[in-house]
Amino acid sequence: MIRNYFKTTVRSLLKNRGYSFLNITGLAIGIACASLIFLWVQDELTFNHNYQKKDQLYTIYENQTYNGKISTFHATPGPMAKVLKAEIPGIKNAARISGFGDQLFALGDKIINEKGTYADVELFSMLQLPFVYGSASNAFQQIHSVVINETMSKKFFGDADPIGKSLKVNNEQEYTVTGVFKDLPKNSTLQFHWLAPMANIDHKQPWMDMWGANWARTYVELESNASLSLVNKKLSNFIAGKTQSENTTVCFLFGMNDWNLHDNF
């Protein structure tokens with residue numbers, strides 16, 4: 001019986017070829033479009049799911065008022081991260097990064113620009129990066145150390161273990177490779193190929209240690225039972241309290257779960 005149904009269907013399709021072509025083509029395009037939309041939505045909704053602590057991770061933003069208009073920035077004072085944990089209950093950890101940019105890495109005749117950032121060691125605990133070689137606990141034990149991703153490691157060292165080997169940065173200083181972490185997925189807001197200790201650039205200029213100057217991005221991990229509203233209340237005029245001024249800077253936490261779809265200020 002199934003064979004007869006099949007023959008009848010084929011004959012009907014052949015008899016009405018134009019109509020059949022339009023229907024089959026339309027159905028195929030519809031399925032393809034629906035599949036692509038589903039994949040795109042899934043990719044957007046799973047942004048930053050590679051971070052185990054994503055529900056507790058935040059970045060600090062500042063609202064500053066100029067001439068009656070509010071502008072929002074993610075740059076914060078250099079000293080801020082170090083005192084947050086001690087002075088605001090509910091904050092479990094805090095770390096700074098210098099902002100993402102390219103640095104020139106060299107090994108012999110191989111010279112490559114790679115995107116990364118200088119960071120505080122606390123960032124490893126917060127992001128829980130999966131290491132292929134080395135470990136987060138030993139990553140920044142020396143100031144001139146660098147942790148790189150798998151792709152960067154293969155560019156310079158092939159499939160060999162690069163731990164203990166050196167890369168020259170900006171044709172100035174040799175950095176020892178102390179770890180290799182897995183490449184970050186494309187749907188991760190944070191994108192970097194290397195991390196090096198913040199101490200390499202921290203306090204090189206006087207304003208890096210001033211409460212009145214913004215240059216570092218500050219990331220915060222909250223305790224699992226912390227109240228976001230209470231932390232934001234204490235954080236709101238935190239900088240003004242340190243500068244003893246009447247500036248209009250208001251700080252707030254912006255959660256990792258919102259970094260992708262709700263980050264337009």
# chains A, B, ... in the order shown; residues from 1 in each chain; ligands from 1
$ select_by_dssp --residues "region 42-96 of chain A" --states "alpha helix (DSSP H)" --output "ChimeraX atom specification"
/A:42-45,80-87
$ closest_atom_pairs --of "region 179-200 of chain A" --to "region 118-138 of chain A" --cutoff "8 Å" --atoms "only C-alpha atoms" --output "Markdown table"
| residue | atom | partner | partner_atom | distance |
| --- | --- | --- | --- | --- |
| A:Gly179 | CA | A:Gly134 | CA | 4.4 |
| A:Val180 | CA | A:Tyr133 | CA | 5.0 |
| A:Phe181 | CA | A:Phe131 | CA | 4.1 |
| A:Lys182 | CA | A:Pro130 | CA | 5.9 |
| A:Leu195 | CA | A:Tyr118 | CA | 5.6 |
| A:Ala196 | CA | A:Tyr118 | CA | 4.7 |
| A:Pro197 | CA | A:Ala119 | CA | 5.4 |
| A:Met198 | CA | A:Ala119 | CA | 4.6 |
| A:Ala199 | CA | A:Asp120 | CA | 7.9 |
| A:Asn200 | CA | A:Tyr118 | CA | 7.7 |
$ residues_around --residues "Thr243 (chain A)" --least-positions-apart "5" --cutoff "12 Å" --atoms "only C-alpha atoms" --output "PDB file with N, CA and C atoms, in the first residue's frame"
ATOM      1  N   PRO A  77      38.472  54.081  38.596  1.00  0.00           N
ATOM      2  CA  PRO A  77      39.776  54.399  39.180  1.00  0.00           C
ATOM      3  C   PRO A  77      40.612  53.156  39.460  1.00  0.00           C
ATOM      4  N   PRO A  79      42.622  52.325  42.034  1.00  0.00           N
ATOM      5  CA  PRO A  79      42.622  51.738  43.385  1.00  0.00           C
ATOM      6  C   PRO A  79      41.310  51.051  43.759  1.00  0.00           C
ATOM      7  N   MET A  80      40.303  51.164  42.945  1.00  0.00           N
ATOM      8  CA  MET A  80      38.957  50.766  43.350  1.00  0.00           C
ATOM      9  C   MET A  80      38.833  49.280  43.691  1.00  0.00           C
ATOM     10  N   MET A 210      45.138  57.239  41.276  1.00  0.00           N
ATOM     11  CA  MET A 210      44.290  58.322  41.767  1.00  0.00           C
ATOM     12  C   MET A 210      42.811  57.939  41.698  1.00  0.00           C
ATOM     13  N   TRP A 211      42.066  58.310  42.719  1.00  0.00           N
ATOM     14  CA  TRP A 211      40.628  58.060  42.734  1.00  0.00           C
ATOM     15  C   TRP A 211      39.893  58.975  41.759  1.00  0.00           C
ATOM     16  N   GLY A 212      40.503  60.058  41.369  1.00  0.00           N
ATOM     17  CA  GLY A 212      39.844  60.989  40.473  1.00  0.00           C
ATOM     18  C   GLY A 212      40.091  60.729  39.008  1.00  0.00           C
ATOM     19  N   ALA A 213      40.782  59.639  38.678  1.00  0.00           N
ATOM     20  CA  ALA A 213      41.086  59.320  37.280  1.00  0.00           C
ATOM     21  C   ALA A 213      40.562  57.926  36.942  1.00  0.00           C
ATOM     22  N   ASN A 237      27.774  56.007  45.667  1.00  0.00           N
ATOM     23  CA  ASN A 237      28.619  57.188  45.886  1.00  0.00           C
ATOM     24  C   ASN A 237      29.987  56.810  46.435  1.00  0.00           C
ATOM     25  N   PHE A 238      30.436  55.611  46.058  1.00  0.00           N
ATOM     26  CA  PHE A 238      31.693  55.094  46.583  1.00  0.00           C
ATOM     27  C   PHE A 238      32.870  55.991  46.194  1.00  0.00           C
ATOM     28  N   THR A 248      29.413  64.195  40.420  1.00  0.00           N
ATOM     29  CA  THR A 248      28.121  63.564  40.112  1.00  0.00           C
ATOM     30  C   THR A 248      28.280  62.134  39.620  1.00  0.00           C
ATOM     31  N   THR A 249      29.406  61.495  39.943  1.00  0.00           N
ATOM     32  CA  THR A 249      29.640  60.121  39.512  1.00  0.00           C
ATOM     33  C   THR A 249      28.834  59.147  40.368  1.00  0.00           C
TER      34      THR A 249
END
$ atom_distance --atom1 "CA of Met256 (chain A)" --atom2 "CA of Leu230 (chain A)"
18.2 Å
$ select_by_dssp --residues "region 78-144 of chain A" --states "strand (DSSP E or B)" --output "VMD selection string"
chain A and resid 91 to 97 101 to 107 110 to 119 131 to 134
$ closest_atom_pairs --of "region 159-188 of chain A" --to "region 49-67 of chain A" --cutoff "9 Å" --atoms "only C-alpha atoms" --output "tab-separated table"
residue	atom	partner	partner_atom	distance
A:Leu184	CA	A:Asn50	CA	8.1
A:Pro185	CA	A:Asn50	CA	7.6
A:Asn187	CA	A:His49	CA	8.4
A:Ser188	CA	A:Asn50	CA	7.5
$ atom_distance --atom1 "CA of Lys165 (chain A)" --atom2 "CA of Val147 (chain A)"
11.3 Å
$ closest_atom_pairs --of "region 183-218 of chain A" --to "region 94-112 of chain A" --cutoff "12 Å" --atoms "only C-alpha atoms" --output "CSV"
residue,atom,partner,partner_atom,distance
A:Thr189,CA,A:Phe100,CA,11.8
A:Leu190,CA,A:Phe100,CA,9.1
A:Gln191,CA,A:Phe100,CA,8.2
A:Phe192,CA,A:Phe100,CA,7.2
A:His193,CA,A:Asp102,CA,9.5
A:Trp194,CA,A:Gln103,CA,9.5
A:Leu195,CA,A:Ile97,CA,9.2
A:Ala196,CA,A:Ile97,CA,9.7
A:Pro197,CA,A:Ile97,CA,9.3
A:Met198,CA,A:Ile97,CA,7.2
A:Ala199,CA,A:Ser98,CA,10.6
A:Asn200,CA,A:Ser98,CA,10.6
A:Ile201,CA,A:Ser98,CA,8.5
A:Asp202,CA,A:Ser98,CA,8.9
A:His203,CA,A:Ser98,CA,11.7
A:Met208,CA,A:Ser98,CA,10.5
A:Asn214,CA,A:Ser98,CA,10.7
A:Trp215,CA,A:Ser98,CA,7.2
A:Ala216,CA,A:Ser98,CA,5.1
A:Arg217,CA,A:Ile97,CA,5.3
A:Thr218,CA,A:Arg96,CA,4.5
